[in-house]
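K.L.:
Input: one structure, supplied below.
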Amino acid sequence: VDIFPSETESSTEAELLLLQADLQTWIDQVCDLGPYSEQDLPEAAECRARLDAGVPLLPGGVRPSRAAAQAALQGLMKLLRRYLPDSTQALDILERSVAEAGGASALLDMVLGGRGNAMLGWARRGGVADDLAVFHAVLLARPFRTWFARRLLRHVEAGMWSHGYCPLCGHWPSLGLLDGQEDGRRYLWCQHCGSQWRHPRLRCVFCATEDQSSLSVYSVDGLAGWRIQGCGGCRRYVKEVRLQQRREDAPCDALRLGTLALDEAAMDVGLLRESPLIAHHEREAPPLGFHAPSLRKASHNEKPLDGPMTGRCQ
Amino acid sequence: MNITRRGFLGAGGAGVLGAAITLFGLPPRAEARRRKPFKTAETKESTTICPYCGVGCGLIVSTRDGKLVNIEGDPDHPINEGSLCSKGMSLAQVAVNERRLQKVRYRAPGSTKWEEKDWDWALAEIAKRVKKTRDATFVAKDKEQVVNRTEGIACLGGAALDNEECYLLSKFGRGLGLIYIEHQARI
């Protein structure tokens, strides 16, 4: 593997890749359980209307099966316990709190329903640290969003989606992949559903400015091949890596987790990390069965949700 | 500052996930702020058009502290979609090239040696020779028609000249009476 920064210790690389493989196995297993039925999928025309209006494809208000939710929770807790051996007590509290709150289905209702504040309120009442709660919640929802991504992303044709937020779930990307095979085209990766989509290199992912004097690229000593694109206008950033060849199954989780130094470097230069709880469409996502003409076109410059618990982090 | 294991793993002993939770959580923990800043370099990227042939390929030019550090094809440009020919790919060497001549060098007719000259001498010599050739080959009239031209000099615009430089070169040539004015991009 030559995509991690050269300073990354081989034991760390091995751990990251093991984690990636285990995550993928867990996601596949939950998806194979069939958490939704095919009838939950929006029609092609509806997908087209959503994409034309800049609204992500993930339908709202659809609940996964209780069995799949419970299996996902069990699998995730097993995975977290394996990779967080020093956090047994925190994970015990987390597991107990989920059970007391009504189990995995109740938690997923909050997370998939875009109710980040409610989720954090639940975590605080149960004594779960905010950071662990967010990390856990984002991961728990991943297989369910991935199930839709695997069925709906085929509707996103080349050139159809030019927004910085995910065409499937509406979250902001966690990683940019510069594809060497395609002469440096940039693809963005969403940690919430695993989607990748193309986005112009010299456009801010978040505020969509194309003012080249506002956009900067930061490189960090010792992290060859990696960079941060930061926007002087909205102060947000995305980590990017140059790959010889981008693949749909690139180990993006491992890459993201293996380059935390870049996030810290971004904060050093005054950039802000977008909250993982913010999805672009949350305020305007229509319920399932919406009518396309009633959609308001999403605005690039619209401020994202910015509440006390879902705000950006510095 | 060298990147250490701590830079990748965050809190020691917590493993990769522990570090990620510390860093990506809300809000960031205080210890994440107590460290030396990383050494970063800021690069600006600008789009432009290749100065060579008439295809007009898009480029992304990277500069740091006002100095060129990289040129690559613009993958979002509709003409070349990131691809460049060998000349375009080596374009950075126009600006950054140790082998590029920095001083005027002159080899006299019949000589086998290059001499170093200053610009004042070179410009005066070029002007003298252009004037000599132009005067020797100047045609004021073709039959009864006033033409005021010289057929003894030709002008070939270089591919790296920009629009304004081409305009000035053309104006200059026509002022002398040149009719053989051409540009690399049309060849």
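Residue numbers start at 1 in each chain; chains themselves are named A, B, ... in the order of the structure tokens; ligands are numbered from 1 in the order shown.
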So that I can check the surroundings of Trp226 (chain A), please list as number ranges by chain every protein, DNA and RNA residue that reaches within 10 Å of it, counting only C-alpha atoms and ignoring chain neighbours fewer than 6 positions away.

P.N.:
A: 3-5, 176-178, 218-220, 239-243, 259, 262

K.L.:
Can you tell me, as a PDB file with all heavy atoms, in the first residue's frame, what residues are no more than 10 Å from Leu58 (chain A) when counting only C-alpha atoms, ignoring any on the same chain fewer than 6 positions away?

P.N.:
ATOM      1  N   LEU A  41     -37.767   2.195  -2.575  1.00  0.00           N
ATOM      2  CA  LEU A  41     -36.934   2.974  -3.498  1.00  0.00           C
ATOM      3  C   LEU A  41     -37.800   3.927  -4.322  1.00  0.00           C
ATOM      4  O   LEU A  41     -38.856   3.528  -4.820  1.00  0.00           O
ATOM      5  CB  LEU A  41     -36.178   2.034  -4.445  1.00  0.00           C
ATOM      6  CG  LEU A  41     -35.158   1.098  -3.797  1.00  0.00           C
ATOM      7  CD1 LEU A  41     -34.695   0.052  -4.799  1.00  0.00           C
ATOM      8  CD2 LEU A  41     -33.975   1.904  -3.280  1.00  0.00           C
ATOM      9  N   PRO A  42     -37.359   5.158  -4.465  1.00  0.00           N
ATOM     10  CA  PRO A  42     -38.116   6.077  -5.322  1.00  0.00           C
ATOM     11  C   PRO A  42     -38.017   5.679  -6.795  1.00  0.00           C
ATOM     12  O   PRO A  42     -37.052   5.037  -7.208  1.00  0.00           O
ATOM     13  CB  PRO A  42     -37.448   7.428  -5.069  1.00  0.00           C
ATOM     14  CG  PRO A  42     -36.129   7.129  -4.455  1.00  0.00           C
ATOM     15  CD  PRO A  42     -36.210   5.783  -3.828  1.00  0.00           C
ATOM     16  N   CYS A  47     -36.310  10.235  -8.929  1.00  0.00           N
ATOM     17  CA  CYS A  47     -34.874  10.438  -8.728  1.00  0.00           C
ATOM     18  C   CYS A  47     -34.371  11.554  -9.623  1.00  0.00           C
ATOM     19  O   CYS A  47     -33.617  12.427  -9.207  1.00  0.00           O
ATOM     20  CB  CYS A  47     -34.107   9.144  -9.025  1.00  0.00           C
ATOM     21  SG  CYS A  47     -34.391   7.858  -7.805  1.00  0.00           S
ATOM     22  N   ARG A  50     -35.447  14.897  -8.346  1.00  0.00           N
ATOM     23  CA  ARG A  50     -34.664  15.275  -7.165  1.00  0.00           C
ATOM     24  C   ARG A  50     -33.291  15.796  -7.583  1.00  0.00           C
ATOM     25  O   ARG A  50     -32.838  16.842  -7.134  1.00  0.00           O
ATOM     26  CB  ARG A  50     -34.470  14.067  -6.257  1.00  0.00           C
ATOM     27  CG  ARG A  50     -35.604  13.831  -5.287  1.00  0.00           C
ATOM     28  CD  ARG A  50     -35.294  12.639  -4.394  1.00  0.00           C
ATOM     29  NE  ARG A  50     -36.293  12.510  -3.362  1.00  0.00           N
ATOM     30  CZ  ARG A  50     -36.088  12.809  -2.075  1.00  0.00           C
ATOM     31  NH1 ARG A  50     -34.921  13.227  -1.675  1.00  0.00           N
ATOM     32  NH2 ARG A  50     -37.058  12.698  -1.195  1.00  0.00           N
ATOM     33  N   LEU A 112     -31.048   8.872  11.046  1.00  0.00           N
ATOM     34  CA  LEU A 112     -31.477   8.892   9.638  1.00  0.00           C
ATOM     35  C   LEU A 112     -32.516   9.975   9.391  1.00  0.00           C
ATOM     36  O   LEU A 112     -32.688  10.433   8.257  1.00  0.00           O
ATOM     37  CB  LEU A 112     -32.052   7.520   9.243  1.00  0.00           C
ATOM     38  CG  LEU A 112     -31.037   6.370   9.249  1.00  0.00           C
ATOM     39  CD1 LEU A 112     -31.733   5.033   9.043  1.00  0.00           C
ATOM     40  CD2 LEU A 112     -29.987   6.580   8.159  1.00  0.00           C
ATOM     41  N   ARG A 145     -27.686   3.719   4.781  1.00  0.00           N
ATOM     42  CA  ARG A 145     -27.527   4.664   3.670  1.00  0.00           C
ATOM     43  C   ARG A 145     -26.845   3.967   2.486  1.00  0.00           C
ATOM     44  O   ARG A 145     -27.162   4.250   1.329  1.00  0.00           O
ATOM     45  CB  ARG A 145     -26.725   5.878   4.137  1.00  0.00           C
ATOM     46  CG  ARG A 145     -27.509   6.742   5.114  1.00  0.00           C
ATOM     47  CD  ARG A 145     -26.670   7.859   5.693  1.00  0.00           C
ATOM     48  NE  ARG A 145     -27.498   8.808   6.438  1.00  0.00           N
ATOM     49  CZ  ARG A 145     -27.143   9.363   7.583  1.00  0.00           C
ATOM     50  NH1 ARG A 145     -25.970   9.073   8.126  1.00  0.00           N
ATOM     51  NH2 ARG A 145     -27.931  10.219   8.199  1.00  0.00           N
ATOM     52  N   PHE A 148     -29.215   2.109   0.171  1.00  0.00           N
ATOM     53  CA  PHE A 148     -29.843   2.970  -0.844  1.00  0.00           C
ATOM     54  C   PHE A 148     -28.831   3.398  -1.904  1.00  0.00           C
ATOM     55  O   PHE A 148     -29.143   3.440  -3.097  1.00  0.00           O
ATOM     56  CB  PHE A 148     -30.450   4.211  -0.176  1.00  0.00           C
ATOM     57  CG  PHE A 148     -31.795   3.960   0.438  1.00  0.00           C
ATOM     58  CD1 PHE A 148     -31.942   3.825   1.808  1.00  0.00           C
ATOM     59  CD2 PHE A 148     -32.926   3.847  -0.360  1.00  0.00           C
ATOM     60  CE1 PHE A 148     -33.187   3.581   2.375  1.00  0.00           C
ATOM     61  CE2 PHE A 148     -34.171   3.606   0.191  1.00  0.00           C
ATOM     62  CZ  PHE A 148     -34.309   3.471   1.559  1.00  0.00           C
ATOM     63  N   ALA A 149     -27.597   3.707  -1.451  1.00  0.00           N
ATOM     64  CA  ALA A 149     -26.578   4.168  -2.409  1.00  0.00           C
ATOM     65  C   ALA A 149     -26.353   3.117  -3.495  1.00  0.00           C
ATOM     66  O   ALA A 149     -26.236   3.449  -4.682  1.00  0.00           O
ATOM     67  CB  ALA A 149     -25.271   4.457  -1.675  1.00  0.00           C
ATOM     68  N   LEU A 152     -29.432   3.413  -5.843  1.00  0.00           N
ATOM     69  CA  LEU A 152     -29.897   4.682  -6.428  1.00  0.00           C
ATOM     70  C   LEU A 152     -28.817   5.459  -7.181  1.00  0.00           C
ATOM     71  O   LEU A 152     -29.144   6.307  -8.014  1.00  0.00           O
ATOM     72  CB  LEU A 152     -30.480   5.580  -5.330  1.00  0.00           C
ATOM     73  CG  LEU A 152     -31.738   5.062  -4.635  1.00  0.00           C
ATOM     74  CD1 LEU A 152     -32.203   6.046  -3.565  1.00  0.00           C
ATOM     75  CD2 LEU A 152     -32.858   4.852  -5.656  1.00  0.00           C
ATOM     76  N   LEU A 153     -27.549   5.191  -6.877  1.00  0.00           N
ATOM     77  CA  LEU A 153     -26.495   6.016  -7.485  1.00  0.00           C
ATOM     78  C   LEU A 153     -26.428   5.855  -9.001  1.00  0.00           C
ATOM     79  O   LEU A 153     -25.870   6.698  -9.690  1.00  0.00           O
ATOM     80  CB  LEU A 153     -25.135   5.701  -6.865  1.00  0.00           C
ATOM     81  CG  LEU A 153     -24.852   6.424  -5.533  1.00  0.00           C
ATOM     82  CD1 LEU A 153     -23.472   6.062  -5.018  1.00  0.00           C
ATOM     83  CD2 LEU A 153     -24.959   7.938  -5.674  1.00  0.00           C
ATOM     84  N   CYS A 166     -23.350  15.331  -0.891  1.00  0.00           N
ATOM     85  CA  CYS A 166     -23.534  13.998  -1.466  1.00  0.00           C
ATOM     86  C   CYS A 166     -24.867  13.874  -2.211  1.00  0.00           C
ATOM     87  O   CYS A 166     -25.914  14.254  -1.678  1.00  0.00           O
ATOM     88  CB  CYS A 166     -23.463  12.971  -0.336  1.00  0.00           C
ATOM     89  SG  CYS A 166     -23.820  11.297  -0.865  1.00  0.00           S
ATOM     90  N   PRO A 167     -24.838  13.336  -3.425  1.00  0.00           N
ATOM     91  CA  PRO A 167     -26.093  13.181  -4.179  1.00  0.00           C
ATOM     92  C   PRO A 167     -27.025  12.142  -3.572  1.00  0.00           C
ATOM     93  O   PRO A 167     -28.211  12.123  -3.870  1.00  0.00           O
ATOM     94  CB  PRO A 167     -25.619  12.741  -5.565  1.00  0.00           C
ATOM     95  CG  PRO A 167     -24.295  12.122  -5.337  1.00  0.00           C
ATOM     96  CD  PRO A 167     -23.678  12.871  -4.186  1.00  0.00           C
ATOM     97  N   LEU A 168     -26.482  11.301  -2.698  1.00  0.00           N
ATOM     98  CA  LEU A 168     -27.338  10.263  -2.102  1.00  0.00           C
ATOM     99  C   LEU A 168     -27.916  10.717  -0.774  1.00  0.00           C
ATOM    100  O   LEU A 168     -29.123  10.678  -0.564  1.00  0.00           O
ATOM    101  CB  LEU A 168     -26.530   8.966  -1.947  1.00  0.00           C
ATOM    102  CG  LEU A 168     -27.227   7.669  -1.561  1.00  0.00           C
ATOM    103  CD1 LEU A 168     -27.609   7.561  -0.094  1.00  0.00           C
ATOM    104  CD2 LEU A 168     -28.465   7.431  -2.438  1.00  0.00           C
ATOM    105  N   CYS A 169     -27.054  11.184   0.138  1.00  0.00           N
ATOM    106  CA  CYS A 169     -27.551  11.484   1.481  1.00  0.00           C
ATOM    107  C   CYS A 169     -27.439  12.954   1.860  1.00  0.00           C
ATOM    108  O   CYS A 169     -27.947  13.352   2.915  1.00  0.00           O
ATOM    109  CB  CYS A 169     -26.846  10.613   2.517  1.00  0.00           C
ATOM    110  SG  CYS A 169     -25.111  11.044   2.770  1.00  0.00           S
ATOM    111  N   GLY A 170     -26.766  13.769   1.075  1.00  0.00           N
ATOM    112  CA  GLY A 170     -26.731  15.211   1.328  1.00  0.00           C
ATOM    113  C   GLY A 170     -25.674  15.668   2.309  1.00  0.00           C
ATOM    114  O   GLY A 170     -25.589  16.863   2.598  1.00  0.00           O
ATOM    115  N   ALA A 285     -35.617  18.822   2.948  1.00  0.00           N
ATOM    116  CA  ALA A 285     -35.883  17.502   2.375  1.00  0.00           C
ATOM    117  C   ALA A 285     -37.377  17.212   2.398  1.00  0.00           C
ATOM    118  O   ALA A 285     -38.002  17.268   3.444  1.00  0.00           O
ATOM    119  CB  ALA A 285     -35.139  16.444   3.165  1.00  0.00           C
ATOM    120  N   LEU A 288     -41.127  11.345   1.747  1.00  0.00           N
ATOM    121  CA  LEU A 288     -41.242  10.382   0.654  1.00  0.00           C
ATOM    122  C   LEU A 288     -42.549  10.620  -0.099  1.00  0.00           C
ATOM    123  O   LEU A 288     -43.577  10.915   0.500  1.00  0.00           O
ATOM    124  CB  LEU A 288     -41.237   8.962   1.228  1.00  0.00           C
ATOM    125  CG  LEU A 288     -41.182   7.852   0.198  1.00  0.00           C
ATOM    126  CD1 LEU A 288     -39.858   7.836  -0.527  1.00  0.00           C
ATOM    127  CD2 LEU A 288     -41.444   6.516   0.854  1.00  0.00           C
TER     128      LEU A 288
END

K.L.:
For Thr43 (chain B), find every residue with an atom within 6 Å (counting only C-alpha atoms), except residues of its own chain fewer than 2 positions away, and show them as a list of chain:residue names.

P.N.:
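Answer for this query is A:Ser216, A:Val217, B:Thr63, B:Arg64.
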
K.L.:
When you look at Ile60 (chain B) with a cut-off of 7 Å (counting only C-alpha atoms), what residues show up, excluding the ones that are within fewer than 6 positions of it in the same chain? I need them as a list in words.

P.N.:
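That gives Glu45, Ser46, Thr47, Thr48, Ile71, Glu72, Gly73 and Asp74 of chain B.
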
K.L.:
Residues as selected, C-alpha atoms, written as a PDB file, in the first residue's frame, can you do that?

P.N.:
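Saved the output as out-v9.pdb:
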ATOM      1  CA  GLU B  45      -4.067  27.292  -8.068  1.00  0.00           C
ATOM      2  CA  SER B  46      -5.148  29.292 -11.109  1.00  0.00           C
ATOM      3  CA  THR B  47      -6.585  28.215 -14.407  1.00  0.00           C
ATOM      4  CA  THR B  48      -5.148  29.459 -17.667  1.00  0.00           C
ATOM      5  CA  ILE B  71       1.568  23.075 -14.130  1.00  0.00           C
ATOM      6  CA  GLU B  72      -0.910  20.332 -15.000  1.00  0.00           C
ATOM      7  CA  GLY B  73      -3.812  19.875 -17.374  1.00  0.00           C
ATOM      8  CA  ASP B  74      -7.169  21.113 -16.118  1.00  0.00           C
TER       9      ASP B  74
END

K.L.:
Could you go through region 69-213 of chain A and tell me which residues DSSP, when run on the backbone, assigns to helix (DSSP H, G or I), listing them as a ChimeraX atom specification?

P.N.:
/A:69-83,88-100,103-112,116-125,130-155,180-182

K.L.:
Excluding Ala158 (chain A) and its own-chain neighbours fewer than 3 positions away, which residues fall within 9 Å of it when counting only C-alpha atoms? Please give them as a list in words.

P.N.:
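Near Ala158 (chain A), the qualifying residues are Trp161, Trp197 and Arg198 of chain A.
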
K.L.:
Report the distance between CA of Arg174 (chain B) and CA of Ala140 (chain B) in Å, rounded to one decimal place.

P.N.:
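Calculated distance between CA of Arg174 (chain B) and CA of Ala140 (chain B) is 13.9 Å.
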
K.L.:
Any idea what the distance is between CA of Arg82 (chain A) and CA of Leu19 (chain A)?

P.N.:
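Value for the CA of Arg82 (chain A)-CA of Leu19 (chain A) distance: 9.4 Å.
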
K.L.:
For Asn148 (chain B), please output as an NGL selection string all residues within 7 Å (counting only C-alpha atoms; exclusion window: fewer than 4 positions along the same chain).

P.N.:
:B and (138-141 or 177)

K.L.:
Those selected residues, please, written with C-alpha atoms and delivered as a compact mmCIF listing (two decimals), in the first residue's frame.

P.N.:
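Saved file result-v8.txt follows:
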# COMPACT_ATOMS: atom_id res chain seq x y z
CA PHE B 138 13.05 47.38 -49.76
CA VAL B 139 10.53 47.66 -52.60
CA ALA B 140 8.77 51.02 -52.73
CA LYS B 141 6.68 50.38 -55.85
CA GLY B 177 7.30 46.57 -44.38

K.L.:
For region 63-74 of chain A, list every protein, DNA or RNA residue within 6 Å, evaluated using only C-alpha atoms, and leave out those in the same chain fewer than 3 positions away; present the list as a ChimeraX atom specification.

P.N.:
/A:30,35-36,77,104-105
